[in-house]
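Peer 1: So I've got this file, input_20.cif, and it contains mmCIF, C-alpha atoms:
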data_upload
#
loop_
_atom_site.label_atom_id
_atom_site.label_comp_id
_atom_site.auth_asym_id
_atom_site.auth_seq_id
_atom_site.Cartn_x
_atom_site.Cartn_y
_atom_site.Cartn_z
CA MET I 1 -7.08 -33.95 -9.19
CA SER I 2 -9.15 -35.57 -11.90
CA ASP I 3 -12.02 -33.55 -13.28
CA GLY I 4 -13.38 -36.33 -15.48
CA SER I 5 -11.03 -35.65 -18.37
CA HIS I 6 -9.46 -38.60 -20.23
CA ASP I 7 -6.85 -36.56 -22.08
CA PRO I 8 -3.83 -38.92 -22.27
CA VAL I 9 -1.36 -36.04 -22.01
CA TYR I 10 -3.13 -34.75 -18.92
CA ASP I 11 -3.16 -38.25 -17.43
CA TYR I 12 0.57 -38.54 -18.03
CA VAL I 13 1.35 -35.18 -16.41
CA SER I 14 -0.99 -35.95 -13.52
CA LYS I 15 0.95 -39.10 -12.66
CA ILE I 16 3.98 -36.90 -12.15
CA VAL I 17 2.46 -33.84 -10.49
CA THR I 18 -0.36 -35.32 -8.38
CA PRO I 19 2.00 -36.95 -5.86
CA ILE I 20 3.57 -33.54 -5.32
CA PHE I 21 0.19 -31.93 -4.65
CA ASN I 22 -0.77 -34.77 -2.30
CA LYS I 23 2.50 -34.46 -0.46
CA VAL I 24 2.34 -30.72 0.13
CA ALA I 25 -1.29 -30.92 1.25
CA ASN I 26 -0.26 -33.08 4.23
CA GLU I 27 3.37 -32.25 4.86
CA VAL I 28 4.48 -30.12 7.82
CA PRO I 29 7.39 -27.79 6.98
CA LYS I 30 10.64 -29.26 8.28
CA ASN I 31 11.80 -25.99 9.80
CA LEU I 32 8.66 -25.57 11.91
CA LEU I 33 9.58 -25.85 15.58
CA LEU I 34 7.07 -27.78 17.68
CA GLY I 35 5.20 -25.38 19.91
CA GLY I 36 6.70 -22.40 18.09
CA ARG I 37 5.16 -19.94 15.67
CA GLY I 38 7.24 -20.94 12.68
CA ARG I 39 8.59 -17.48 11.86
CA VAL I 40 11.52 -16.72 9.64
CA LYS I 41 12.95 -13.23 9.95
CA ARG I 42 13.80 -11.41 6.78
CA SER I 43 15.12 -7.92 6.26
CA GLY I 44 14.54 -5.68 3.29
CA ILE I 45 13.87 -2.18 2.06
CA ALA I 46 10.58 -0.92 0.66
CA LEU I 47 9.67 2.40 -0.92
CA TYR I 48 6.94 4.58 0.57
CA SER I 49 5.31 7.70 -0.85
CA PRO I 50 2.51 9.57 0.97
CA HIS I 51 0.52 11.44 -1.68
CA ASN I 52 -2.05 14.19 -1.23
CA TYR I 53 -1.24 14.53 2.49
CA ARG I 54 -3.85 16.76 4.14
CA LEU I 55 -4.65 17.98 7.63
CA TYR I 56 -8.01 19.31 8.78
CA ILE I 57 -7.54 21.83 11.61
CA ASP I 58 -9.96 23.98 13.61
CA PHE I 59 -10.18 27.55 12.30
CA SER I 60 -12.23 30.65 13.13
CA ARG I 61 -12.95 33.21 10.41
CA VAL I 62 -13.37 36.01 13.00
CA ASN I 63 -11.11 38.90 11.89
CA PHE I 64 -10.14 36.93 8.81
CA LYS I 65 -9.05 39.14 5.88
CA ARG I 66 -9.06 37.08 2.73
CA LEU I 67 -6.86 39.43 0.68
CA ALA I 68 -3.53 40.75 1.90
CA PHE I 69 -1.45 40.67 -1.26
CA LYS I 70 -0.47 44.33 -0.92
CA ASN I 71 1.79 43.31 1.92
CA PRO I 72 5.25 43.20 0.27
CA THR I 73 6.59 40.62 2.73
CA LEU I 74 4.00 38.05 1.57
CA LYS I 75 6.30 37.10 -1.32
CA SER I 76 8.61 35.55 1.25
CA VAL I 77 6.19 32.64 1.68
CA GLY I 78 5.78 31.92 -2.02
CA ASP I 79 4.06 33.10 -5.17
CA VAL I 80 0.66 32.88 -3.50
CA THR I 81 -2.56 32.70 -5.51
CA HIS I 82 -6.11 33.07 -4.19
CA LYS I 83 -9.58 32.29 -5.50
CA LEU I 84 -13.09 31.81 -4.18
CA ILE I 85 -14.60 28.33 -4.52
CA ASN I 86 -17.81 26.55 -3.49
CA ASN I 87 -20.01 29.43 -4.69
CA GLY I 88 -17.85 31.98 -2.89
CA HIS I 89 -18.18 30.35 0.54
CA GLU I 90 -14.58 29.11 0.73
CA ASP I 91 -11.16 30.63 0.07
CA LEU I 92 -8.43 28.66 -1.64
CA TYR I 93 -4.77 29.66 -1.37
CA THR I 94 -2.02 27.85 -3.26
CA ASN I 95 1.76 27.91 -3.00
CA PHE I 96 1.77 29.23 0.55
CA MET I 97 4.97 27.89 2.13
CA GLY I 98 4.62 24.85 -0.11
CA CYS I 99 1.06 24.20 1.04
CA ARG I 100 -2.45 24.52 -0.34
CA LEU I 101 -4.89 26.02 2.18
CA ARG I 102 -8.66 25.83 1.87
CA VAL I 103 -10.52 28.02 4.37
CA LYS I 104 -13.96 26.61 5.17
CA LYS I 105 -16.63 27.70 7.66
CA ASN I 106 -14.88 26.53 10.84
CA ILE I 107 -12.15 24.28 9.48
CA ILE I 108 -9.07 24.86 7.40
CA GLU I 109 -7.78 22.12 5.10
CA ILE I 110 -4.02 22.18 4.55
CA GLN I 111 -2.52 20.03 1.83
CA ASN I 112 1.22 19.52 2.16
CA CYS I 113 2.81 19.92 -1.28
CA VAL I 114 6.40 20.13 0.01
CA ASP I 115 8.41 17.43 -1.80
CA HIS I 116 5.07 15.79 -2.61
CA LYS I 117 6.69 13.43 -5.13
CA LYS I 118 9.44 12.32 -2.76
CA THR I 119 9.84 8.58 -2.15
CA TYR I 120 11.18 7.33 1.18
CA MET I 121 13.16 4.17 1.88
CA ILE I 122 11.57 2.21 4.74
CA GLU I 123 12.73 -1.00 6.39
CA SER I 124 10.43 -4.00 6.08
CA SER I 125 10.54 -4.69 9.82
CA GLU I 126 9.19 -3.43 13.13
CA LYS I 127 11.22 -0.25 12.51
CA ALA I 128 8.75 0.72 9.78
CA GLU I 129 6.35 2.25 12.30
CA ILE I 130 8.96 4.60 13.76
CA GLN I 131 10.25 5.61 10.34
CA ILE I 132 6.81 6.35 8.90
CA LEU I 133 5.70 8.24 12.02
CA GLU I 134 8.76 10.47 11.69
CA ILE I 135 7.91 11.24 8.05
CA LEU I 136 4.32 12.13 8.96
CA ARG I 137 5.41 14.15 12.01
CA LYS I 138 7.56 16.29 9.70
CA LYS I 139 4.64 16.78 7.29
CA ASP I 140 2.36 17.75 10.18
CA GLN I 141 4.90 20.31 11.37
CA GLU I 142 5.18 21.84 7.90
CA CYS I 143 1.38 22.22 7.76
CA LEU I 144 1.17 23.76 11.24
CA SER I 145 4.02 26.16 10.52
CA ALA I 146 2.25 27.29 7.35
CA LEU I 147 -0.97 27.86 9.31
CA LYS I 148 0.77 30.01 11.93
CA VAL I 149 2.26 32.25 9.25
CA PHE I 150 -1.05 32.28 7.34
CA ILE I 151 -2.88 33.62 10.41
CA LYS I 152 -0.18 36.25 10.83
CA TYR I 153 -0.90 37.59 7.32
CA PHE I 154 -4.63 36.93 6.86
CA GLY I 155 -6.04 36.90 10.37
CA GLY I 156 -8.44 34.37 11.80
CA SER I 157 -7.49 32.09 14.65
CA SER I 158 -6.97 28.44 15.54
CA LYS I 159 -6.28 26.20 18.50
CA PHE I 160 -4.14 24.14 16.09
CA LYS I 161 -6.10 21.01 16.86
CA ILE I 162 -5.73 18.37 14.14
CA LEU I 163 -9.24 17.03 13.57
CA LYS I 164 -8.47 14.60 10.78
CA ARG I 165 -5.69 13.42 8.49
CA HIS I 166 -5.95 12.10 4.96
CA SER I 167 -3.36 10.66 2.60
CA GLU I 168 -2.93 8.14 -0.20
CA ASN I 169 -0.06 5.93 0.84
CA LYS I 170 1.77 4.23 -2.00
CA ILE I 171 4.07 1.30 -1.27
CA PHE I 172 6.25 -0.69 -3.66
CA GLY I 173 9.33 -2.86 -3.64
CA THR I 174 8.16 -5.63 -1.29
CA ASP I 175 7.97 -9.25 -2.44
CA SER I 176 4.18 -9.24 -2.08
CA VAL I 177 3.71 -6.20 -4.27
CA ASN I 178 6.29 -7.38 -6.80
CA ALA I 179 4.36 -10.65 -7.16
CA LEU I 180 1.20 -8.85 -8.28
CA PRO I 181 0.38 -9.22 -11.99
CA ILE I 182 1.16 -5.78 -13.39
CA LYS I 183 -2.13 -5.44 -15.29
CA GLU I 184 -4.42 -6.63 -12.51
CA LYS I 185 -6.55 -3.98 -10.78
CA PHE I 186 -8.63 -3.91 -7.61
CA HIS I 187 -10.07 -1.30 -5.28
CA ASN I 188 -11.60 -1.49 -1.82
CA GLN I 189 -11.78 0.70 1.29
CA ILE I 190 -8.31 -0.31 2.48
CA VAL I 191 -6.09 -0.84 -0.54
CA LYS I 192 -6.22 -0.29 -4.27
CA LYS I 193 -4.23 -1.02 -7.39
CA VAL I 194 -5.62 1.00 -10.25
CA TYR I 195 -2.60 1.49 -12.52
CA ASN I 196 -0.47 -0.85 -14.62
CA GLU I 197 2.32 -0.53 -12.09
CA ARG I 198 3.71 -2.80 -9.39
CA ASN I 199 2.58 -0.75 -6.43
CA VAL I 200 -0.46 -0.52 -4.17
CA GLU I 201 -2.01 2.43 -2.40
CA TYR I 202 -3.31 2.18 1.16
CA SER I 203 -5.94 4.51 2.59
CA ASP I 204 -4.13 4.88 5.92
CA PRO I 205 -0.45 4.77 7.03
CA VAL I 206 -1.44 2.17 9.65
CA PHE I 207 -2.07 -0.36 6.87
CA VAL I 208 1.31 0.48 5.35
CA VAL I 209 3.04 -0.28 8.65
CA ASN I 210 1.20 -3.61 8.94
CA HIS I 211 2.15 -4.48 5.37
CA LEU I 212 5.84 -3.69 5.93
CA ILE I 213 6.03 -5.60 9.20
CA ASN I 214 4.35 -8.61 7.59
CA SER I 215 6.73 -8.32 4.63
CA GLY I 216 9.65 -8.71 7.03
CA VAL I 217 8.25 -11.78 8.78
CA VAL I 218 7.37 -14.83 6.71
CA GLU I 219 4.60 -16.74 8.48
CA LEU I 220 4.77 -20.47 7.72
CA VAL I 221 1.74 -21.34 9.87
CA PRO I 222 -1.20 -21.05 9.52
CA SER I 223 -0.82 -19.55 6.05
CA ILE I 224 1.93 -18.39 3.77
CA CYS I 225 -0.43 -15.94 2.13
CA LYS I 226 -0.23 -12.35 3.40
CA SER I 227 -3.00 -9.83 2.92
CA ILE I 228 -1.74 -8.43 -0.36
CA ASP I 229 -1.02 -11.92 -1.73
CA SER I 230 -4.61 -12.83 -0.93
CA LEU I 231 -5.88 -9.87 -2.91
CA ALA I 232 -3.84 -10.87 -5.94
CA PHE I 233 -4.88 -14.52 -5.56
CA ASN I 234 -8.55 -13.59 -5.41
CA VAL I 235 -8.23 -11.51 -8.58
CA ASN I 236 -6.50 -14.23 -10.61
CA PRO I 237 -5.29 -17.30 -8.67
CA LEU I 238 -3.50 -19.04 -11.52
CA ARG I 239 -1.65 -15.97 -12.71
CA THR I 240 -0.63 -15.16 -9.14
CA LEU I 241 0.76 -18.65 -8.57
CA LYS I 242 2.62 -18.60 -11.87
CA GLY I 243 4.23 -15.36 -10.77
CA LEU I 244 5.23 -16.81 -7.40
CA ILE I 245 6.33 -20.34 -8.34
CA LYS I 246 9.72 -20.50 -10.01
CA SER I 247 10.32 -24.26 -9.83
CA LEU I 248 8.77 -27.47 -8.48
CA SER I 249 10.56 -26.88 -5.20
CA ASP I 250 8.27 -23.86 -4.64
CA VAL I 251 5.14 -26.04 -4.62
CA GLN I 252 5.65 -26.73 -0.90
CA LYS I 253 6.09 -23.03 -0.23
CA TYR I 254 2.74 -22.10 -1.75
CA LYS I 255 0.75 -25.18 -0.77
CA ASN I 256 -1.94 -23.16 1.03
CA LEU I 257 -2.77 -21.41 -2.21
CA ILE I 258 -2.55 -24.51 -4.40
CA ILE I 259 -5.09 -26.49 -2.36
CA LYS I 260 -7.62 -23.65 -2.88
CA LEU I 261 -7.62 -24.13 -6.65
CA SER I 262 -10.48 -25.80 -8.45
CA ASN I 263 -9.88 -29.08 -10.29
CA LYS I 264 -9.81 -27.21 -13.58
CA GLU I 265 -7.23 -24.73 -12.25
CA ARG I 266 -5.08 -27.54 -10.86
CA LYS I 267 -5.15 -29.19 -14.24
CA GLU I 268 -3.84 -26.04 -15.90
CA LEU I 269 -1.24 -25.56 -13.18
CA SER I 270 -0.12 -29.16 -13.69
CA PHE I 271 0.54 -28.57 -17.37
CA TRP I 272 2.38 -25.35 -16.55
CA LEU I 273 4.58 -27.03 -13.92
CA PHE I 274 5.32 -29.78 -16.38
CA THR I 275 6.56 -27.23 -18.91
CA LEU I 276 8.35 -25.13 -16.29
CA ASP I 277 10.66 -27.85 -15.05
CA GLY I 278 10.87 -29.79 -18.27
CA VAL I 279 9.47 -32.97 -16.72
CA SER I 280 9.78 -35.92 -19.05
#
In structure tokens, what does this structure look like?

Peer 2:
Amino acid sequence: MSDGSHDPVYDYVSKIVTPIFNKVANEVPKNLLLGGRGRVKRSGIALYSPHNYRLYIDFSRVNFKRLAFKNPTLKSVGDVTHKLINNGHEDLYTNFMGCRLRVKKNIIEIQNCVDHKKTYMIESSEKAEIQILEILRKKDQECLSALKVFIKYFGGSSKFKILKRHSENKIFGTDSVNALPIKEKFHNQIVKKVYNERNVEYSDPVFVVNHLINSGVVELVPSICKSIDSLAFNVNPLRTLKGLIKSLSDVQKYKNLIIKLSNKERKELSFWLFTLDGVS
């Protein structure tokens, strides 16, 4: 662990902490079964919120009548508003059965605004896939129902073929997300954390399902670090470890992260561990 420093305090702490680092770098977890995968099942509940959920569906503007507000029964679907956008080439309708509809050349975009701030409780297990699919199925049905009624009032036609889906899928409450430093931020094509909050936002529900399944199964081999832990570690390894390690007994648990530290970072972690457990 030495980085050339001759600080007597550092040397003293190193004599205590270095054996621990050396031990965890070579030790095999005692609960790892030979020939097995070393999995420990864990149950838990996470919170899931699909924001800005949109469907893109085929649509023909033939016989489409953009204004039908004189129809008195239209109020039954909401306090609908209409305006032209994109230089008059597209029609935008809001508050239509809780949806926002954007009529394009041969596609209609439907944003589901029904209970758009609702948060759902999801199990951190293999059941997550079924639970999330049911939530999205309901949102799809709300969009399709709105489109059927929309065509009834405004004309046009559709084969009701879903061409694309889009949503921003927020997840919070799992151990991995809770371990993220609240002020750290990152953004890539799959996941982002752009607010000072302990949550992350995935670009696709598939990644949410993977996250929740991985949150319910702790992999001891080959690495304790899950995808979201890796993101936090890459942003700030020391801060991440300080958030994860609660006592010296946790050094074994996070050995795969510790051995990735530079000598300088190990030195700082050594001092911090010394203070944490009151080693004397």

Peer 1: I'd like to know which of I:Lys127, I:Lys253, I:Lys242, I:Lys164 is closest to I:Phe271, using only C-alpha atoms.

Peer 2: I:Lys242

Peer 1: Which residues match the PyMOL selection byres ((chain I and resi 174) around 8) in the file above, as a list in words?

Peer 2: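 With the shown file as input, the PyMOL selection byres ((chain I and resi 174) around 8) matches Gly44, Ile45, Ala46, Ser124, Phe172, Gly173, Asp175, Ser176, Val177, Asn178, Leu212 and Ser215 of chain I.
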
Peer 1: Anything within 12 Å of (-3.0, 0.8, -10.2): list those residues as a PDB file with C-alpha atoms, in the frame of the given file, counting all atoms listed in the file and sticking to the file's coordinates.

Peer 2:
ATOM      1  CA  LYS I 170       1.770   4.230  -2.000  1.00  0.00           C
ATOM      2  CA  ILE I 171       4.070   1.300  -1.270  1.00  0.00           C
ATOM      3  CA  PHE I 172       6.250  -0.690  -3.660  1.00  0.00           C
ATOM      4  CA  VAL I 177       3.710  -6.200  -4.270  1.00  0.00           C
ATOM      5  CA  LEU I 180       1.200  -8.850  -8.280  1.00  0.00           C
ATOM      6  CA  PRO I 181       0.380  -9.220 -11.990  1.00  0.00           C
ATOM      7  CA  ILE I 182       1.160  -5.780 -13.390  1.00  0.00           C
ATOM      8  CA  LYS I 183      -2.130  -5.440 -15.290  1.00  0.00           C
ATOM      9  CA  GLU I 184      -4.420  -6.630 -12.510  1.00  0.00           C
ATOM     10  CA  LYS I 185      -6.550  -3.980 -10.780  1.00  0.00           C
ATOM     11  CA  PHE I 186      -8.630  -3.910  -7.610  1.00  0.00           C
ATOM     12  CA  HIS I 187     -10.070  -1.300  -5.280  1.00  0.00           C
ATOM     13  CA  VAL I 191      -6.090  -0.840  -0.540  1.00  0.00           C
ATOM     14  CA  LYS I 192      -6.220  -0.290  -4.270  1.00  0.00           C
ATOM     15  CA  LYS I 193      -4.230  -1.020  -7.390  1.00  0.00           C
ATOM     16  CA  VAL I 194      -5.620   1.000 -10.250  1.00  0.00           C
ATOM     17  CA  TYR I 195      -2.600   1.490 -12.520  1.00  0.00           C
ATOM     18  CA  ASN I 196      -0.470  -0.850 -14.620  1.00  0.00           C
ATOM     19  CA  GLU I 197       2.320  -0.530 -12.090  1.00  0.00           C
ATOM     20  CA  ARG I 198       3.710  -2.800  -9.390  1.00  0.00           C
ATOM     21  CA  ASN I 199       2.580  -0.750  -6.430  1.00  0.00           C
ATOM     22  CA  VAL I 200      -0.460  -0.520  -4.170  1.00  0.00           C
ATOM     23  CA  GLU I 201      -2.010   2.430  -2.400  1.00  0.00           C
ATOM     24  CA  TYR I 202      -3.310   2.180   1.160  1.00  0.00           C
TER      25      TYR I 202
END

Peer 1: Got a sec to resolve the PyMOL selection byres ((chain I and resi 129) around 10) on this structure and send the residues as a PDB file with C-alpha atoms, keeping the file's coordinate frame?

Peer 2:
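selection-v2.pdb was written with the following content:
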ATOM      1  CA  ILE I 122      11.570   2.210   4.740  1.00  0.00           C
ATOM      2  CA  GLU I 123      12.730  -1.000   6.390  1.00  0.00           C
ATOM      3  CA  SER I 124      10.430  -4.000   6.080  1.00  0.00           C
ATOM      4  CA  SER I 125      10.540  -4.690   9.820  1.00  0.00           C
ATOM      5  CA  GLU I 126       9.190  -3.430  13.130  1.00  0.00           C
ATOM      6  CA  LYS I 127      11.220  -0.250  12.510  1.00  0.00           C
ATOM      7  CA  ALA I 128       8.750   0.720   9.780  1.00  0.00           C
ATOM      8  CA  ILE I 130       8.960   4.600  13.760  1.00  0.00           C
ATOM      9  CA  GLN I 131      10.250   5.610  10.340  1.00  0.00           C
ATOM     10  CA  ILE I 132       6.810   6.350   8.900  1.00  0.00           C
ATOM     11  CA  LEU I 133       5.700   8.240  12.020  1.00  0.00           C
ATOM     12  CA  GLU I 134       8.760  10.470  11.690  1.00  0.00           C
ATOM     13  CA  PRO I 205      -0.450   4.770   7.030  1.00  0.00           C
ATOM     14  CA  VAL I 206      -1.440   2.170   9.650  1.00  0.00           C
ATOM     15  CA  VAL I 208       1.310   0.480   5.350  1.00  0.00           C
ATOM     16  CA  VAL I 209       3.040  -0.280   8.650  1.00  0.00           C
ATOM     17  CA  ASN I 210       1.200  -3.610   8.940  1.00  0.00           C
ATOM     18  CA  LEU I 212       5.840  -3.690   5.930  1.00  0.00           C
ATOM     19  CA  ILE I 213       6.030  -5.600   9.200  1.00  0.00           C
TER      20      ILE I 213
END

Peer 1: Please measure the separation of atom CA of I:Ala146 and atom CA of I:Ile85, giving the value in Å to one decimal.

Peer 2: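 Separation between atom CA of I:Ala146 and atom CA of I:Ile85: 20.6 Å.
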
Peer 1: Go through the shown structure with the PyMOL selection byres ((chain I and resi 152) around 12) and write out the matching residues as JSON, numbers by chain.

Peer 2: {"I": [63, 64, 65, 68, 71, 73, 74, 77, 145, 146, 147, 148, 149, 150, 151, 153, 154, 155, 156, 157, 158]}

Peer 1: I'd like the contact shell of stretch 119-121 of chain I - 6 Å cut-off, all atoms listed in the file, skipping same-chain residues fewer than 6 positions apart - returned as a list in words.

Peer 2: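 Answer for this query is Ala46, Leu47, Tyr48 and Ser49 of chain I.
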
Peer 1: Hey, can you check how far atom CA of I:Ile110 sits from atom CA of I:Leu55?

Peer 2: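 Interatomic distance, atom CA of I:Ile110 to atom CA of I:Leu55: 5.2 Å.
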
Peer 1: Quick one: pull the distance between atom CA of I:His51 and atom CA of I:Leu84, Å, one decimal.

Peer 2: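 Value for the atom CA of I:His51-atom CA of I:Leu84 distance: 24.6 Å.
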
Peer 1: May I have the protein, DNA and RNA residues with any atom at most 10 Å from the point (-7.1, -22.3, -10.2), counting only C-alpha atoms, written as a list of chain:residue names?

Peer 2: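 The answer, in the requested form, is I:Phe233, I:Asn236, I:Pro237, I:Leu238, I:Arg239, I:Thr240, I:Leu241, I:Leu257, I:Ile258, I:Ile259, I:Lys260, I:Leu261, I:Ser262, I:Asn263, I:Lys264, I:Glu265, I:Arg266, I:Lys267, I:Glu268, I:Leu269.
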
Peer 1: Next, the residues of the selection above should be written as a short mmCIF file (atom, residue, chain, number, x, y, z; two decimals), keeping the file's coordinate frame with C-alpha atoms.

Peer 2:
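In the end it all went to again.cif:
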data_model
loop_
_atom_site.label_atom_id
_atom_site.label_comp_id
_atom_site.auth_asym_id
_atom_site.auth_seq_id
_atom_site.Cartn_x
_atom_site.Cartn_y
_atom_site.Cartn_z
CA PHE I 233 -4.88 -14.52 -5.56
CA ASN I 236 -6.50 -14.23 -10.61
CA PRO I 237 -5.29 -17.30 -8.67
CA LEU I 238 -3.50 -19.04 -11.52
CA ARG I 239 -1.65 -15.97 -12.71
CA THR I 240 -0.63 -15.16 -9.14
CA LEU I 241 0.76 -18.65 -8.57
CA LEU I 257 -2.77 -21.41 -2.21
CA ILE I 258 -2.55 -24.51 -4.40
CA ILE I 259 -5.09 -26.49 -2.36
CA LYS I 260 -7.62 -23.65 -2.88
CA LEU I 261 -7.62 -24.13 -6.65
CA SER I 262 -10.48 -25.80 -8.45
CA ASN I 263 -9.88 -29.08 -10.29
CA LYS I 264 -9.81 -27.21 -13.58
CA GLU I 265 -7.23 -24.73 -12.25
CA ARG I 266 -5.08 -27.54 -10.86
CA LYS I 267 -5.15 -29.19 -14.24
CA GLU I 268 -3.84 -26.04 -15.90
CA LEU I 269 -1.24 -25.56 -13.18
#

Peer 1: Env of I:Leu101: 6 Å cut, atoms = all atoms listed in the file, seq-sep filter 2 positions within chain, self excluded. Answer as a list of chain:residue names.

Peer 2: I:Leu92, I:Tyr93, I:Glu109, I:Ile110

Peer 1: Pick out the residues sitting within 9 Å of I:Thr81, and hand them over as a PDB file with C-alpha atoms, keeping the file's coordinate frame; count only C-alpha atoms, and ignore anything fewer than 2 positions along from it in its own chain.

Peer 2:
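The file below, result26.pdb, is the result:
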ATOM      1  CA  ASP I  79       4.060  33.100  -5.170  1.00  0.00           C
ATOM      2  CA  LYS I  83      -9.580  32.290  -5.500  1.00  0.00           C
ATOM      3  CA  LEU I  92      -8.430  28.660  -1.640  1.00  0.00           C
ATOM      4  CA  TYR I  93      -4.770  29.660  -1.370  1.00  0.00           C
ATOM      5  CA  THR I  94      -2.020  27.850  -3.260  1.00  0.00           C
ATOM      6  CA  ASN I  95       1.760  27.910  -3.000  1.00  0.00           C
ATOM      7  CA  PHE I  96       1.770  29.230   0.550  1.00  0.00           C
TER       8      PHE I  96
END
